[in-house]
Amino acid sequence: MAPRSARSSSTPAILLAALSLTALLPAPSLAQGLLPDLVRERTEREWAVKLEKLETTLQGHMRTHGIDMWLILSRENDPDPALRLFGDHWTTWAGHRNAWVFFDPGGDAPLERVVLGTHVRGHILPFFPDTPGSGHGYGEEGLAPHLQEYVQARDPRTIAINRSRTVTMADGLSLEGYRYLVEALGETFEERFVSAEPLLIDYVAHRTPAELEISIEASWITWNILKRAFSNEVLTPGATTNEDVYWWILQEVEDQGLELNFSPSVTIHRQGATRSFGVHEDEVIQPGDMLHVDFGVQLMGIGTDQQKQIYVLRPGETEPPPGIRALFAQSVRMADIIAEELKPGVEGRVVKARAEKRGAGEGIDNLVYSHAQGSWVHDAGAWAISDWPERYGNHPREPVRPTEFWSVEFSVRGAIPEWGGQMLGMGREEDGWVGADDTFQWMSGPQREVWVVRSDVGGSAPPR
């Protein structure tokens, strides 16, 4: 079934319209004196959304995977990546040596959530309400006796620890940390250790309606930043460089109180050039150039990942040359093909193979490398990418999950007649999610036509 507009039972169309409109309004800035309140509002919302997910889903996921206890060990300057799922990633300090523990007593009993360690900040306690005392739980004796007492008293049959050969966000336990656990708990409990990998992936990939609202909001914000960056508000052909646009985007991220999911890249493809001009080359953008950007933000713990295609009109042109429009139309079709293949239960590598075959069958020279996204740029679940274990781990063999957030990332390639048959590659990337009814939904856009920049209009905002 062809992908539909971004709509689901948990996210009404009126909400999506409001979020997209909000993203198009002027962003609050530090100069307006609004940013501190905005930062607090967003941070507290992030805590609330993550706490709701923890309280409503984690125990069920643990039971699905037969896990009695999930034990996360972390140290100062070496935080476990999974901790960002329980609080936030910039005010949650890992402590000197802390154990963050989830224990399922079974039956109708609620999940027990405890921190054994030091420096547990107040906003973390709702995530771990069973923490004894103030959370500053040991001195010279160290963590080990407290951890041993806690685990022995509960006698879990299985203990999930964050060790994984192939999924990085489930591999936060160092070798020293593993040895410490064995010394503290003994060989009897070591025999009960299992990898937390499947638990963590399911917990991350099954998204809540509140997470979806944040992701859609972040996606529209990203779209709007790029739409402005590649317009005559910012860009004056013959004067502005790709580096100028790069720094404008970074400043806009700061002005809007956002964080980078990853730093933007602004690439120039030019007729007659033997190569493209990439990041930090400071090349002046000229009429007739084809521009590409890859960029994403972090908003309240949820990331975006988008790539857009932009053409700089030559004097007298009102649209890109037919060859560029035709190649872009192939990219639009390719995006829809990938979205149609993103079905729950299908392995990522199978999505890639099916989509590439269908595209090739329609005469599209394509390469698919889409992936789950959200908590990390390349997220914990399935990736529609080559099955290369040493490079991509187990992600290509993971199944697509319902409600999972996705980055539909791919490229198409073709000859441009107006450029003397010169080959041009177009990288594309759009945010979306897997709907509960098996149809893929777009979060913003997607880009359905090449964006254009005029050459006869100067930018009103100087490059930053």
# chains A, B, ... in the order shown; residues from 1 in each chain; ligands from 1
$ residues_around --residues "A:Met443" --least-positions-apart "3" --cutoff "8 Å" --atoms "only C-alpha atoms" --output "ChimeraX atom specification"
/A:6,215-216,219-220,431-433,446
$ write_last_selection --atoms "C-alpha atoms" --output "CSV table (one decimal), in the first residue's frame"
chain,number,residue,atom,x,y,z
A,6,ALA,CA,1.5,11.6,8.5
A,215,SER,CA,9.5,13.5,16.8
A,216,ILE,CA,7.0,15.1,14.5
A,219,SER,CA,11.1,16.9,12.1
A,220,TRP,CA,9.1,20.0,11.1
A,431,ASP,CA,11.8,11.2,8.7
A,432,GLY,CA,8.9,8.8,9.2
A,433,TRP,CA,7.5,6.0,11.3
A,446,PRO,CA,8.5,14.6,2.3
$ closest_atom_pairs --of "stretch 293-393 of chain A" --to "stretch 411-427 of chain A" --cutoff "12 Å" --atoms "only C-alpha atoms" --output "CSV"
residue,atom,partner,partner_atom,distance
A:Val293,CA,A:Gly427,CA,8.6
A:Asp294,CA,A:Gly427,CA,8.6
A:Gln306,CA,A:Gly427,CA,9.8
A:Gln307,CA,A:Gly427,CA,6.6
A:Lys308,CA,A:Gly427,CA,7.5
A:Gln309,CA,A:Met426,CA,7.2
A:Ile310,CA,A:Met426,CA,10.2
A:Tyr311,CA,A:Met426,CA,11.6
A:Pro320,CA,A:Glu418,CA,10.2
A:Pro321,CA,A:Glu418,CA,6.8
A:Pro322,CA,A:Glu418,CA,7.9
A:Gly323,CA,A:Ile416,CA,4.9
A:Ile324,CA,A:Ile416,CA,6.4
A:Arg325,CA,A:Ile416,CA,9.6
A:Ala326,CA,A:Ile416,CA,9.0
A:Leu327,CA,A:Gly414,CA,6.5
A:Phe328,CA,A:Met426,CA,7.5
A:Ala329,CA,A:Val412,CA,10.0
A:Gln330,CA,A:Val412,CA,7.3
A:Ser331,CA,A:Val412,CA,6.0
A:Val332,CA,A:Val412,CA,9.8
A:Arg333,CA,A:Val412,CA,10.3
A:Met334,CA,A:Val412,CA,8.1
A:Ala335,CA,A:Ser411,CA,9.4
A:Ile338,CA,A:Ser411,CA,11.5
A:Glu356,CA,A:Val412,CA,10.4
A:Gly359,CA,A:Val412,CA,9.5
A:Ala360,CA,A:Val412,CA,10.3
A:Gly363,CA,A:Gly414,CA,10.2
A:Ile364,CA,A:Val412,CA,6.9
A:Asp365,CA,A:Arg413,CA,5.5
A:Asn366,CA,A:Val412,CA,4.4
A:Leu367,CA,A:Ser411,CA,5.4
A:Val368,CA,A:Ser411,CA,6.7
A:Tyr369,CA,A:Ser411,CA,8.4
A:Ser370,CA,A:Ser411,CA,10.1
$ select_by_dssp --residues "stretch 329-443 of chain A" --states "strand (DSSP E)" --output "PDB file with C-alpha atoms, in the first residue's frame"
ATOM      1  CA  ASP A 365      19.785   3.390 -10.456  1.00  0.00           C
ATOM      2  CA  ASN A 366      19.481   3.321  -6.673  1.00  0.00           C
ATOM      3  CA  LEU A 367      21.191   2.412  -3.410  1.00  0.00           C
ATOM      4  CA  VAL A 368      19.225   1.964  -0.170  1.00  0.00           C
ATOM      5  CA  SER A 370      17.768   3.418   5.476  1.00  0.00           C
ATOM      6  CA  HIS A 371      17.747   2.910   9.243  1.00  0.00           C
ATOM      7  CA  ALA A 372      15.802   3.199  12.461  1.00  0.00           C
ATOM      8  CA  TRP A 383      18.629  -1.001   9.413  1.00  0.00           C
ATOM      9  CA  ALA A 384      17.843  -1.560   5.725  1.00  0.00           C
ATOM     10  CA  PHE A 405      10.926   5.687  13.889  1.00  0.00           C
ATOM     11  CA  TRP A 406      12.775   5.522  10.571  1.00  0.00           C
ATOM     12  CA  SER A 407      15.088   7.531   8.381  1.00  0.00           C
ATOM     13  CA  VAL A 408      14.298   6.683   4.762  1.00  0.00           C
ATOM     14  CA  GLU A 409      17.828   7.184   3.404  1.00  0.00           C
ATOM     15  CA  PHE A 410      18.923   6.319  -0.120  1.00  0.00           C
ATOM     16  CA  SER A 411      20.416   7.740  -3.301  1.00  0.00           C
ATOM     17  CA  VAL A 412      19.636   7.709  -7.009  1.00  0.00           C
ATOM     18  CA  ARG A 413      22.062   8.311  -9.851  1.00  0.00           C
ATOM     19  CA  GLY A 414      21.685   9.322 -13.474  1.00  0.00           C
ATOM     20  CA  ALA A 415      23.057  11.266 -16.444  1.00  0.00           C
ATOM     21  CA  ILE A 416      21.939  14.876 -16.883  1.00  0.00           C
ATOM     22  CA  GLN A 422      27.468  14.230 -16.678  1.00  0.00           C
ATOM     23  CA  MET A 423      26.471  11.783 -13.950  1.00  0.00           C
ATOM     24  CA  LEU A 424      24.764  13.197 -10.862  1.00  0.00           C
ATOM     25  CA  GLY A 425      24.011  11.406  -7.610  1.00  0.00           C
ATOM     26  CA  MET A 426      21.157  12.604  -5.399  1.00  0.00           C
ATOM     27  CA  GLY A 427      21.186  11.668  -1.724  1.00  0.00           C
ATOM     28  CA  ARG A 428      17.761  11.748  -0.088  1.00  0.00           C
ATOM     29  CA  GLU A 429      16.592  11.257   3.484  1.00  0.00           C
ATOM     30  CA  GLU A 430      13.221  11.776   5.159  1.00  0.00           C
ATOM     31  CA  ASP A 431      11.834  11.184   8.666  1.00  0.00           C
ATOM     32  CA  GLY A 432       8.935   8.775   9.185  1.00  0.00           C
ATOM     33  CA  TRP A 433       7.495   6.002  11.300  1.00  0.00           C
ATOM     34  CA  VAL A 434       5.933   2.588  10.877  1.00  0.00           C
ATOM     35  CA  PHE A 440       4.436   4.018   6.616  1.00  0.00           C
ATOM     36  CA  GLN A 441       3.807   7.601   7.697  1.00  0.00           C
ATOM     37  CA  TRP A 442       5.922  10.686   6.936  1.00  0.00           C
TER      38      TRP A 442
END
$ closest_residue --among "A:Ser231, A:Ser444, A:Thr57, A:Asn394" --to "A:Thr168" --atoms "only C-alpha atoms"
A:Asn394
$ residues_around --residues "A:Ser74" --least-positions-apart "2" --cutoff "8 Å" --atoms "only C-alpha atoms" --output "list of chain:residue names"
A:Ile72, A:Glu76, A:Asp78, A:Pro79, A:Asp80, A:Ala94, A:Gly95, A:His96, A:Arg97, A:Asn98, A:Ala99, A:Trp100, A:Leu173, A:Gly177
$ write_last_selection --atoms "N, CA and C atoms" --output "short mmCIF file (atom, residue, chain, number, x, y, z; two decimals), in the first residue's frame"
data_model
loop_
_atom_site.label_atom_id
_atom_site.label_comp_id
_atom_site.auth_asym_id
_atom_site.auth_seq_id
_atom_site.Cartn_x
_atom_site.Cartn_y
_atom_site.Cartn_z
N ILE A 72 22.34 -2.17 35.07
CA ILE A 72 23.18 -1.26 34.29
C ILE A 72 24.25 -0.69 35.21
N GLU A 76 31.82 7.33 36.46
CA GLU A 76 32.14 8.69 36.06
C GLU A 76 33.04 8.67 34.83
N ASP A 78 32.45 7.47 32.08
CA ASP A 78 32.20 6.30 31.24
C ASP A 78 30.73 5.88 31.39
N PRO A 79 29.80 6.80 31.07
CA PRO A 79 28.38 6.48 31.27
C PRO A 79 27.91 5.45 30.26
N ASP A 80 27.01 4.60 30.70
CA ASP A 80 26.40 3.63 29.80
C ASP A 80 25.44 4.36 28.87
N ALA A 94 26.50 10.02 35.79
CA ALA A 94 26.54 8.58 36.02
C ALA A 94 26.97 8.19 37.43
N GLY A 95 27.46 9.15 38.22
CA GLY A 95 27.95 8.82 39.55
C GLY A 95 29.36 8.27 39.49
N HIS A 96 29.99 8.09 40.67
CA HIS A 96 31.36 7.57 40.67
C HIS A 96 31.39 6.13 40.18
N ARG A 97 30.57 5.29 40.78
CA ARG A 97 30.32 3.92 40.29
C ARG A 97 28.93 3.56 40.77
N ASN A 98 28.00 3.50 39.83
CA ASN A 98 26.60 3.28 40.18
C ASN A 98 26.04 2.04 39.51
N ALA A 99 25.08 1.42 40.21
CA ALA A 99 24.29 0.34 39.63
C ALA A 99 22.85 0.85 39.51
N TRP A 100 22.33 0.81 38.30
CA TRP A 100 20.96 1.23 38.01
C TRP A 100 20.19 -0.06 37.73
N LEU A 173 28.67 -1.94 29.02
CA LEU A 173 29.43 -2.49 30.15
C LEU A 173 30.86 -2.79 29.71
N GLY A 177 34.12 -3.39 34.09
CA GLY A 177 32.81 -3.42 34.74
C GLY A 177 32.27 -4.83 34.88
#
$ select_by_dssp --residues "stretch 92-247 of chain A" --states "helix (DSSP H, G or I)" --output "PyMOL selection string"
chain A and resi 122-124+144-154+168-170+175-185+187-190+197-205+209-229+242-247
$ residues_around --residues "stretch 116-128 of chain A" --least-positions-apart "2" --cutoff "6 Å" --atoms "only C-alpha atoms" --output "PyMOL selection string"
chain A and resi 95+98-99+113-114+130-131+135-137
$ write_last_selection --atoms "C-alpha atoms" --output "JSON list (two decimals), in the first residue's frame"
[["chain", "number", "residue", "atom", "x", "y", "z"],
["A", 95, "GLY", "CA", 27.95, 8.82, 39.55],
["A", 98, "ASN", "CA", 26.60, 3.28, 40.18],
["A", 99, "ALA", "CA", 24.29, 0.34, 39.63],
["A", 113, "ARG", "CA", 13.57, 0.55, 40.28],
["A", 114, "VAL", "CA", 16.67, 1.30, 42.32],
["A", 130, "ASP", "CA", 12.74, 2.60, 45.33],
["A", 131, "THR", "CA", 16.25, 4.00, 45.82],
["A", 135, "GLY", "CA", 20.93, 7.73, 46.84],
["A", 136, "HIS", "CA", 24.39, 8.55, 48.23],
["A", 137, "GLY", "CA", 24.65, 4.97, 49.29]]
$ atom_distance --atom1 "atom CA of A:Asp438" --atom2 "atom CA of A:Leu342"
8.1 Å
$ atom_distance --atom1 "atom CA of A:Phe102" --atom2 "atom CA of A:Leu71"
6.6 Å
$ residues_around --residues "A:Glu183" --least-positions-apart "5" --cutoff "12 Å" --atoms "only C-alpha atoms" --output "list in words"
Leu143, Ala144, Pro145, Leu147, Gln148, Glu176, Gly177, Tyr178, Thr188, Phe189 and Glu190 of chain A
$ write_last_selection --atoms "C-alpha atoms" --output "compact mmCIF listing (two decimals), in the first residue's frame"
# COMPACT_ATOMS: atom_id res chain seq x y z
CA LEU A 143 29.38 -0.32 45.87
CA ALA A 144 30.06 -4.07 45.84
CA PRO A 145 28.61 -5.11 49.23
CA LEU A 147 24.96 -4.56 45.21
CA GLN A 148 25.65 -8.07 46.46
CA GLU A 176 36.48 -3.92 33.91
CA GLY A 177 32.81 -3.42 34.74
CA TYR A 178 32.03 -7.02 33.91
CA THR A 188 26.54 -18.33 40.66
CA PHE A 189 25.01 -15.11 39.43
CA GLU A 190 27.45 -14.82 36.53
$ residues_around --residues "A:Arg270" --least-positions-apart "4" --cutoff "8 Å" --atoms "only C-alpha atoms" --output "MDAnalysis selection string"
chainID A and resid 276 288:290
$ write_last_selection --atoms "N, CA and C atoms" --output "PDB file, in the first residue's frame"
ATOM      1  N   SER A 276      32.809  16.956  -6.429  1.00  0.00           N
ATOM      2  CA  SER A 276      31.923  17.826  -5.659  1.00  0.00           C
ATOM      3  C   SER A 276      32.737  18.608  -4.647  1.00  0.00           C
ATOM      4  N   GLY A 288      23.332  27.645 -11.295  1.00  0.00           N
ATOM      5  CA  GLY A 288      23.466  26.363 -11.968  1.00  0.00           C
ATOM      6  C   GLY A 288      23.965  25.247 -11.085  1.00  0.00           C
ATOM      7  N   ASP A 289      24.374  25.544  -9.843  1.00  0.00           N
ATOM      8  CA  ASP A 289      24.849  24.510  -8.929  1.00  0.00           C
ATOM      9  C   ASP A 289      23.691  23.678  -8.386  1.00  0.00           C
ATOM     10  N   MET A 290      23.990  22.423  -8.125  1.00  0.00           N
ATOM     11  CA  MET A 290      23.073  21.536  -7.424  1.00  0.00           C
ATOM     12  C   MET A 290      23.615  21.337  -6.014  1.00  0.00           C
TER      13      MET A 290
END
$ residues_around --residues "A:Gly345" --least-positions-apart "3" --cutoff "9 Å" --atoms "only C-alpha atoms" --output "number ranges by chain"
A: 342, 398-402
$ write_last_selection --atoms "N, CA and C atoms" --output "JSON list (two decimals), in the first residue's frame"
[["chain", "number", "residue", "atom", "x", "y", "z"],
["A", 342, "LEU", "N", 8.61, -1.07, 4.18],
["A", 342, "LEU", "CA", 8.87, -1.03, 5.62],
["A", 342, "LEU", "C", 7.65, -1.57, 6.37],
["A", 398, "GLU", "N", 17.72, -7.42, 12.09],
["A", 398, "GLU", "CA", 16.62, -7.09, 12.99],
["A", 398, "GLU", "C", 15.35, -6.84, 12.18],
["A", 399, "PRO", "N", 14.19, -7.24, 12.70],
["A", 399, "PRO", "CA", 12.93, -6.98, 12.00],
["A", 399, "PRO", "C", 12.45, -5.55, 12.25],
["A", 400, "VAL", "N", 11.78, -5.01, 11.27],
["A", 400, "VAL", "CA", 11.09, -3.73, 11.45],
["A", 400, "VAL", "C", 10.01, -3.92, 12.51],
["A", 401, "ARG", "N", 9.87, -2.94, 13.38],
["A", 401, "ARG", "CA", 8.90, -3.04, 14.47],
["A", 401, "ARG", "C", 7.80, -1.99, 14.31],
["A", 402, "PRO", "N", 6.57, -2.34, 14.69],
["A", 402, "PRO", "CA", 5.49, -1.36, 14.62],
["A", 402, "PRO", "C", 5.77, -0.18, 15.54]]
